[in-house]
Amino acid sequence: MDSFEMNKILGAILGTALVVVALNIASGAIFAPEKPEKPGYNIVVPKQETSPQQTPTEKEPPIAQLLATADPKRGEDAAKVCQACHTFEKGGPAKIGPNLWGVVGRDRATMAGFDYSSGMKSMGGKWTVDDLNQFLTKPQAFVTGTKMTFGGLSRPQVRADVIAYLNSLSDNPAPLPKAADAGGVKAQ
């Protein structure tokens with residue numbers, strides 16, 4: 001191959017490269033994208049405001065009425081998620097959370113050997129059925145600064161079943177309302 005043909009081949013390659021670069025510059029001038037001030041996408045999520053009719057305390061039946069039909073066996077099944085942090089047997093050790101044997105009617109923050117949060121220690125009093133219902137609904141709302149990270153049980157009947165099960169874990173379980181008694185119970 002002589003030098004003239006080599007120059008033609010190299011000239012064609014160089015010319016093609018120059019045309020590609022020129023097209024890139026021209027298209028960049030025509031179709032210049034706008035750079036955002038802040039990188040990323042702005043996603044607008046509409047907030048759902050709850051009206052007074054949608055508050056859970058108004059549409060939920062009273063806990064006494066739910067306890068009248070509560071089943072401790074269903075509560076035991078529902079409480080299996082609690083076993084990751086709590087024990088249920090009499091004299092059982094504390095895990096991440098305290099032992100729950102005899103919790104209904106027990107003084108708050110009194111299990112020996114467990115370090116309760118300052119919010120729980122400052123509450124005082126005994127664990128009533130109503131208190132347990134509120135606590136199991138949303139622990140962080142009932143006890144400010146609680147160490148319990150569980151999100152709560154949203155379904156009222158499941159909470160009633162769990163409370164009935166916790167009540168059965170005692171040498172002397174507290175009497176719970178009967179179905180006949182709960183019919184006349186009104187929300188406070």
# chains A, B, ... in the order shown; residues from 1 in each chain; ligands from 1

call {"tool": "residues_around", "arguments": {"residues": "Thr144 of chain A", "least_positions_apart": "3", "cutoff": "9 Å", "atoms": "only C-alpha atoms", "output": "PyMOL selection string"}}
result
chain A and resi 118-120+139-141

call {"tool": "write_last_selection", "arguments": {"atoms": "C-alpha atoms", "output": "PDB file, in the first residue's frame"}}
result
ATOM      1  CA  SER A 118     -37.700   6.722  83.023  1.00  0.00           C
ATOM      2  CA  GLY A 119     -41.145   7.312  81.467  1.00  0.00           C
ATOM      3  CA  MET A 120     -42.374   3.928  82.705  1.00  0.00           C
ATOM      4  CA  PRO A 139     -46.845   1.923  73.383  1.00  0.00           C
ATOM      5  CA  GLN A 140     -44.974   5.130  72.489  1.00  0.00           C
ATOM      6  CA  ALA A 141     -48.155   7.201  72.797  1.00  0.00           C
TER       7      ALA A 141
END

call {"tool": "select_by_dssp", "arguments": {"residues": "segment 46-179 of chain A", "states": "alpha helix (DSSP H)", "output": "JSON, numbers by chain"}}
result
{"A": [56, 57, 58, 59, 63, 64, 65, 66, 67, 68, 72, 73, 74, 75, 76, 77, 78, 118, 119, 120, 121, 122, 123, 129, 130, 131, 132, 133, 134, 135, 136, 137, 139, 140, 141, 142, 156, 157, 158, 159, 160, 161, 162, 163, 164, 165, 166, 167, 168, 179]}

call {"tool": "write_last_selection", "arguments": {"atoms": "N, CA and C atoms", "output": "tab-separated table (two decimals), in the first residue's frame"}}
result
chain	number	residue	atom	x	y	z
A	56	PRO	N	-59.87	6.55	66.37
A	56	PRO	CA	-60.07	5.16	66.76
A	56	PRO	C	-60.87	4.98	68.04
A	57	THR	N	-60.78	5.93	68.98
A	57	THR	CA	-61.48	5.75	70.24
A	57	THR	C	-63.00	5.88	70.08
A	58	GLU	N	-63.45	6.59	69.05
A	58	GLU	CA	-64.88	6.76	68.88
A	58	GLU	C	-65.52	5.58	68.15
A	59	LYS	N	-64.81	4.94	67.25
A	59	LYS	CA	-65.45	3.86	66.51
A	59	LYS	C	-65.15	2.49	67.10
A	63	ILE	N	-63.41	-1.63	75.70
A	63	ILE	CA	-62.60	-2.82	75.95
A	63	ILE	C	-63.36	-3.84	76.79
A	64	ALA	N	-64.22	-3.40	77.70
A	64	ALA	CA	-65.00	-4.34	78.51
A	64	ALA	C	-65.91	-5.19	77.64
A	65	GLN	N	-66.49	-4.58	76.62
A	65	GLN	CA	-67.37	-5.32	75.71
A	65	GLN	C	-66.55	-6.32	74.89
A	66	LEU	N	-65.36	-5.93	74.46
A	66	LEU	CA	-64.50	-6.83	73.70
A	66	LEU	C	-63.98	-7.98	74.57
A	67	LEU	N	-63.68	-7.68	75.83
A	67	LEU	CA	-63.18	-8.72	76.73
A	67	LEU	C	-64.24	-9.78	77.02
A	68	ALA	N	-65.50	-9.40	76.93
A	68	ALA	CA	-66.57	-10.36	77.18
A	68	ALA	C	-66.56	-11.49	76.15
A	72	PRO	N	-58.72	-16.35	75.30
A	72	PRO	CA	-57.30	-16.43	75.69
A	72	PRO	C	-56.45	-17.28	74.74
A	73	LYS	N	-57.03	-18.30	74.12
A	73	LYS	CA	-56.27	-19.13	73.17
A	73	LYS	C	-55.87	-18.31	71.94
A	74	ARG	N	-56.81	-17.51	71.43
A	74	ARG	CA	-56.46	-16.63	70.31
A	74	ARG	C	-55.43	-15.60	70.76
A	75	GLY	N	-55.56	-15.13	72.01
A	75	GLY	CA	-54.60	-14.18	72.54
A	75	GLY	C	-53.21	-14.78	72.67
A	76	GLU	N	-53.16	-16.07	73.03
A	76	GLU	CA	-51.86	-16.75	73.12
A	76	GLU	C	-51.20	-16.81	71.75
A	77	ASP	N	-52.00	-17.09	70.73
A	77	ASP	CA	-51.46	-17.12	69.36
A	77	ASP	C	-50.98	-15.73	68.93
A	78	ALA	N	-51.78	-14.71	69.24
A	78	ALA	CA	-51.41	-13.35	68.86
A	78	ALA	C	-50.18	-12.86	69.63
A	118	SER	N	-37.31	5.72	82.03
A	118	SER	CA	-37.70	6.72	83.02
A	118	SER	C	-39.18	7.06	82.88
A	119	GLY	N	-39.72	7.04	81.67
A	119	GLY	CA	-41.14	7.31	81.47
A	119	GLY	C	-42.02	6.27	82.15
A	120	MET	N	-41.62	5.01	82.06
A	120	MET	CA	-42.37	3.93	82.70
A	120	MET	C	-42.25	4.03	84.22
A	121	LYS	N	-41.05	4.31	84.71
A	121	LYS	CA	-40.85	4.41	86.17
A	121	LYS	C	-41.67	5.56	86.75
A	122	SER	N	-41.80	6.65	86.01
A	122	SER	CA	-42.51	7.82	86.54
A	122	SER	C	-44.03	7.66	86.52
A	123	MET	N	-44.55	6.68	85.79
A	123	MET	CA	-46.01	6.53	85.70
A	123	MET	C	-46.63	6.06	87.01
A	129	VAL	N	-56.76	-3.14	82.95
A	129	VAL	CA	-57.15	-3.61	81.63
A	129	VAL	C	-57.19	-2.44	80.65
A	130	ASP	N	-57.73	-1.30	81.08
A	130	ASP	CA	-57.78	-0.12	80.21
A	130	ASP	C	-56.38	0.37	79.86
A	131	ASP	N	-55.48	0.38	80.84
A	131	ASP	CA	-54.11	0.82	80.58
A	131	ASP	C	-53.41	-0.12	79.60
A	132	LEU	N	-53.59	-1.42	79.79
A	132	LEU	CA	-52.99	-2.38	78.87
A	132	LEU	C	-53.54	-2.21	77.46
A	133	ASN	N	-54.84	-1.94	77.35
A	133	ASN	CA	-55.44	-1.71	76.04
A	133	ASN	C	-54.80	-0.51	75.36
A	134	GLN	N	-54.65	0.59	76.08
A	134	GLN	CA	-54.03	1.78	75.51
A	134	GLN	C	-52.56	1.53	75.17
A	135	PHE	N	-51.85	0.83	76.05
A	135	PHE	CA	-50.44	0.55	75.83
A	135	PHE	C	-50.25	-0.35	74.62
A	136	LEU	N	-51.09	-1.38	74.49
A	136	LEU	CA	-50.96	-2.29	73.36
A	136	LEU	C	-51.41	-1.65	72.04
A	137	THR	N	-52.21	-0.60	72.12
A	137	THR	CA	-52.62	0.12	70.91
A	137	THR	C	-51.41	0.82	70.30
A	139	PRO	N	-47.64	1.75	72.17
A	139	PRO	CA	-46.85	1.92	73.38
A	139	PRO	C	-46.19	3.29	73.51
A	140	GLN	N	-45.67	3.85	72.41
A	140	GLN	CA	-44.97	5.13	72.49
A	140	GLN	C	-45.91	6.28	72.82
A	141	ALA	N	-47.19	6.15	72.48
A	141	ALA	CA	-48.15	7.20	72.80
A	141	ALA	C	-48.60	7.11	74.26
A	142	PHE	N	-48.62	5.91	74.83
A	142	PHE	CA	-49.06	5.75	76.21
A	142	PHE	C	-47.96	6.08	77.21
A	156	PRO	N	-58.81	-3.98	67.68
A	156	PRO	CA	-59.30	-4.01	69.07
A	156	PRO	C	-59.55	-5.43	69.60
A	157	GLN	N	-60.11	-6.32	68.78
A	157	GLN	CA	-60.41	-7.67	69.27
A	157	GLN	C	-59.13	-8.45	69.54
A	158	VAL	N	-58.10	-8.22	68.75
A	158	VAL	CA	-56.81	-8.89	68.98
A	158	VAL	C	-56.22	-8.41	70.31
A	159	ARG	N	-56.33	-7.10	70.58
A	159	ARG	CA	-55.84	-6.57	71.87
A	159	ARG	C	-56.62	-7.20	73.02
A	160	ALA	N	-57.93	-7.33	72.87
A	160	ALA	CA	-58.75	-7.93	73.92
A	160	ALA	C	-58.35	-9.38	74.15
A	161	ASP	N	-58.09	-10.11	73.07
A	161	ASP	CA	-57.66	-11.51	73.20
A	161	ASP	C	-56.32	-11.60	73.92
A	162	VAL	N	-55.39	-10.71	73.59
A	162	VAL	CA	-54.07	-10.71	74.24
A	162	VAL	C	-54.21	-10.35	75.71
A	163	ILE	N	-55.06	-9.39	76.03
A	163	ILE	CA	-55.27	-9.02	77.44
A	163	ILE	C	-55.90	-10.18	78.20
A	164	ALA	N	-56.84	-10.88	77.59
A	164	ALA	CA	-57.45	-12.05	78.24
A	164	ALA	C	-56.38	-13.12	78.48
A	165	TYR	N	-55.49	-13.31	77.53
A	165	TYR	CA	-54.40	-14.28	77.70
A	165	TYR	C	-53.46	-13.83	78.82
A	166	LEU	N	-53.07	-12.54	78.82
A	166	LEU	CA	-52.18	-12.05	79.87
A	166	LEU	C	-52.84	-12.16	81.24
A	167	ASN	N	-54.16	-11.95	81.29
A	167	ASN	CA	-54.89	-12.09	82.55
A	167	ASN	C	-54.86	-13.52	83.05
A	168	SER	N	-54.87	-14.48	82.12
A	168	SER	CA	-54.86	-15.89	82.52
A	168	SER	C	-53.49	-16.31	83.07
A	179	ALA	N	-70.20	-11.78	78.78
A	179	ALA	CA	-70.92	-11.28	77.61
A	179	ALA	C	-72.22	-10.58	78.02

call {"tool": "closest_residue", "arguments": {"among": "A:Met148, A:Val19, A:Pro62, A:Gly125", "to": "Gly97 of chain A", "atoms": "only C-alpha atoms"}}
result
A:Met148

call {"tool": "residues_around", "arguments": {"residues": "Ile96 of chain A", "least_positions_apart": "4", "cutoff": "10 Å", "atoms": "only C-alpha atoms", "output": "PyMOL selection string"}}
result
chain A and resi 83-87+114-115+147-148

call {"tool": "write_last_selection", "arguments": {"atoms": "N, CA and C atoms", "output": "PDB file, in the first residue's frame"}}
result
ATOM      1  N   GLN A  83     -42.961 -12.924  72.109  1.00  0.00           N
ATOM      2  CA  GLN A  83     -41.961 -13.831  72.662  1.00  0.00           C
ATOM      3  C   GLN A  83     -40.545 -13.475  72.252  1.00  0.00           C
ATOM      4  N   ALA A  84     -40.382 -12.651  71.251  1.00  0.00           N
ATOM      5  CA  ALA A  84     -39.042 -12.223  70.862  1.00  0.00           C
ATOM      6  C   ALA A  84     -38.405 -11.371  71.967  1.00  0.00           C
ATOM      7  N   CYS A  85     -39.232 -10.665  72.730  1.00  0.00           N
ATOM      8  CA  CYS A  85     -38.711  -9.754  73.756  1.00  0.00           C
ATOM      9  C   CYS A  85     -39.156 -10.091  75.180  1.00  0.00           C
ATOM     10  N   HIS A  86     -40.209 -10.870  75.340  1.00  0.00           N
ATOM     11  CA  HIS A  86     -40.776 -11.139  76.666  1.00  0.00           C
ATOM     12  C   HIS A  86     -40.862 -12.643  76.931  1.00  0.00           C
ATOM     13  N   THR A  87     -40.851 -12.989  78.227  1.00  0.00           N
ATOM     14  CA  THR A  87     -41.154 -14.356  78.642  1.00  0.00           C
ATOM     15  C   THR A  87     -42.510 -14.329  79.337  1.00  0.00           C
ATOM     16  N   PHE A 114     -34.954  -5.773  85.939  1.00  0.00           N
ATOM     17  CA  PHE A 114     -35.188  -5.182  84.620  1.00  0.00           C
ATOM     18  C   PHE A 114     -35.072  -3.670  84.734  1.00  0.00           C
ATOM     19  N   ASP A 115     -34.355  -3.060  83.800  1.00  0.00           N
ATOM     20  CA  ASP A 115     -34.134  -1.613  83.792  1.00  0.00           C
ATOM     21  C   ASP A 115     -35.208  -0.945  82.936  1.00  0.00           C
ATOM     22  N   LYS A 147     -38.963   2.122  76.153  1.00  0.00           N
ATOM     23  CA  LYS A 147     -37.952   1.379  75.401  1.00  0.00           C
ATOM     24  C   LYS A 147     -38.599   0.394  74.433  1.00  0.00           C
ATOM     25  N   MET A 148     -39.895   0.174  74.589  1.00  0.00           N
ATOM     26  CA  MET A 148     -40.601  -0.798  73.753  1.00  0.00           C
ATOM     27  C   MET A 148     -40.779  -0.218  72.348  1.00  0.00           C
TER      28      MET A 148
END

call {"tool": "atom_distance", "arguments": {"atom1": "atom CA of Pro173 of chain A", "atom2": "atom CA of Gly152 of chain A"}}
result
23.7 Å

call {"tool": "residues_around", "arguments": {"residues": "Leu100 of chain A", "least_positions_apart": "2", "cutoff": "9 Å", "atoms": "only C-alpha atoms", "output": "mmCIF file with N, CA and C atoms, in the first residue's frame"}}
result
data_model
loop_
_atom_site.group_PDB
_atom_site.id
_atom_site.type_symbol
_atom_site.label_atom_id
_atom_site.label_comp_id
_atom_site.auth_asym_id
_atom_site.auth_seq_id
_atom_site.Cartn_x
_atom_site.Cartn_y
_atom_site.Cartn_z
ATOM 1 N N HIS A 86 -40.209 -10.870 75.340
ATOM 2 C CA HIS A 86 -40.776 -11.139 76.666
ATOM 3 C C HIS A 86 -40.862 -12.643 76.931
ATOM 4 N N THR A 87 -40.851 -12.989 78.227
ATOM 5 C CA THR A 87 -41.154 -14.356 78.642
ATOM 6 C C THR A 87 -42.510 -14.329 79.337
ATOM 7 N N PHE A 88 -43.162 -15.484 79.398
ATOM 8 C CA PHE A 88 -44.515 -15.549 79.947
ATOM 9 C C PHE A 88 -44.648 -16.503 81.132
ATOM 10 N N GLU A 89 -43.638 -17.300 81.407
ATOM 11 C CA GLU A 89 -43.766 -18.294 82.469
ATOM 12 C C GLU A 89 -43.513 -17.649 83.844
ATOM 13 N N LYS A 90 -44.103 -18.265 84.862
ATOM 14 C CA LYS A 90 -43.967 -17.768 86.225
ATOM 15 C C LYS A 90 -42.492 -17.814 86.634
ATOM 16 N N GLY A 92 -40.105 -16.353 85.174
ATOM 17 C CA GLY A 92 -39.243 -16.321 83.997
ATOM 18 C C GLY A 92 -38.333 -15.104 84.007
ATOM 19 N N ALA A 94 -36.113 -11.832 82.547
ATOM 20 C CA ALA A 94 -36.346 -10.726 81.620
ATOM 21 C C ALA A 94 -35.494 -10.957 80.386
ATOM 22 N N GLY A 97 -37.458 -7.254 77.118
ATOM 23 C CA GLY A 97 -38.555 -6.701 77.897
ATOM 24 C C GLY A 97 -38.780 -7.546 79.144
ATOM 25 N N PRO A 98 -39.582 -7.053 80.077
ATOM 26 C CA PRO A 98 -39.808 -7.794 81.325
ATOM 27 C C PRO A 98 -40.685 -9.028 81.120
ATOM 28 N N GLY A 102 -48.416 -12.460 85.334
ATOM 29 C CA GLY A 102 -49.099 -11.670 86.354
ATOM 30 C C GLY A 102 -49.078 -10.175 86.099
ATOM 31 N N VAL A 103 -48.964 -9.753 84.856
ATOM 32 C CA VAL A 103 -48.862 -8.323 84.562
ATOM 33 C C VAL A 103 -50.177 -7.581 84.829
ATOM 34 N N VAL A 104 -51.330 -8.229 84.635
ATOM 35 C CA VAL A 104 -52.610 -7.560 84.879
ATOM 36 C C VAL A 104 -52.771 -7.376 86.384
ATOM 37 N N LEU A 166 -53.069 -12.545 78.819
ATOM 38 C CA LEU A 166 -52.182 -12.047 79.869
ATOM 39 C C LEU A 166 -52.843 -12.163 81.243
ATOM 40 N N LEU A 169 -52.466 -15.517 82.809
ATOM 41 C CA LEU A 169 -51.117 -15.832 83.296
ATOM 42 C C LEU A 169 -50.947 -15.291 84.714
#
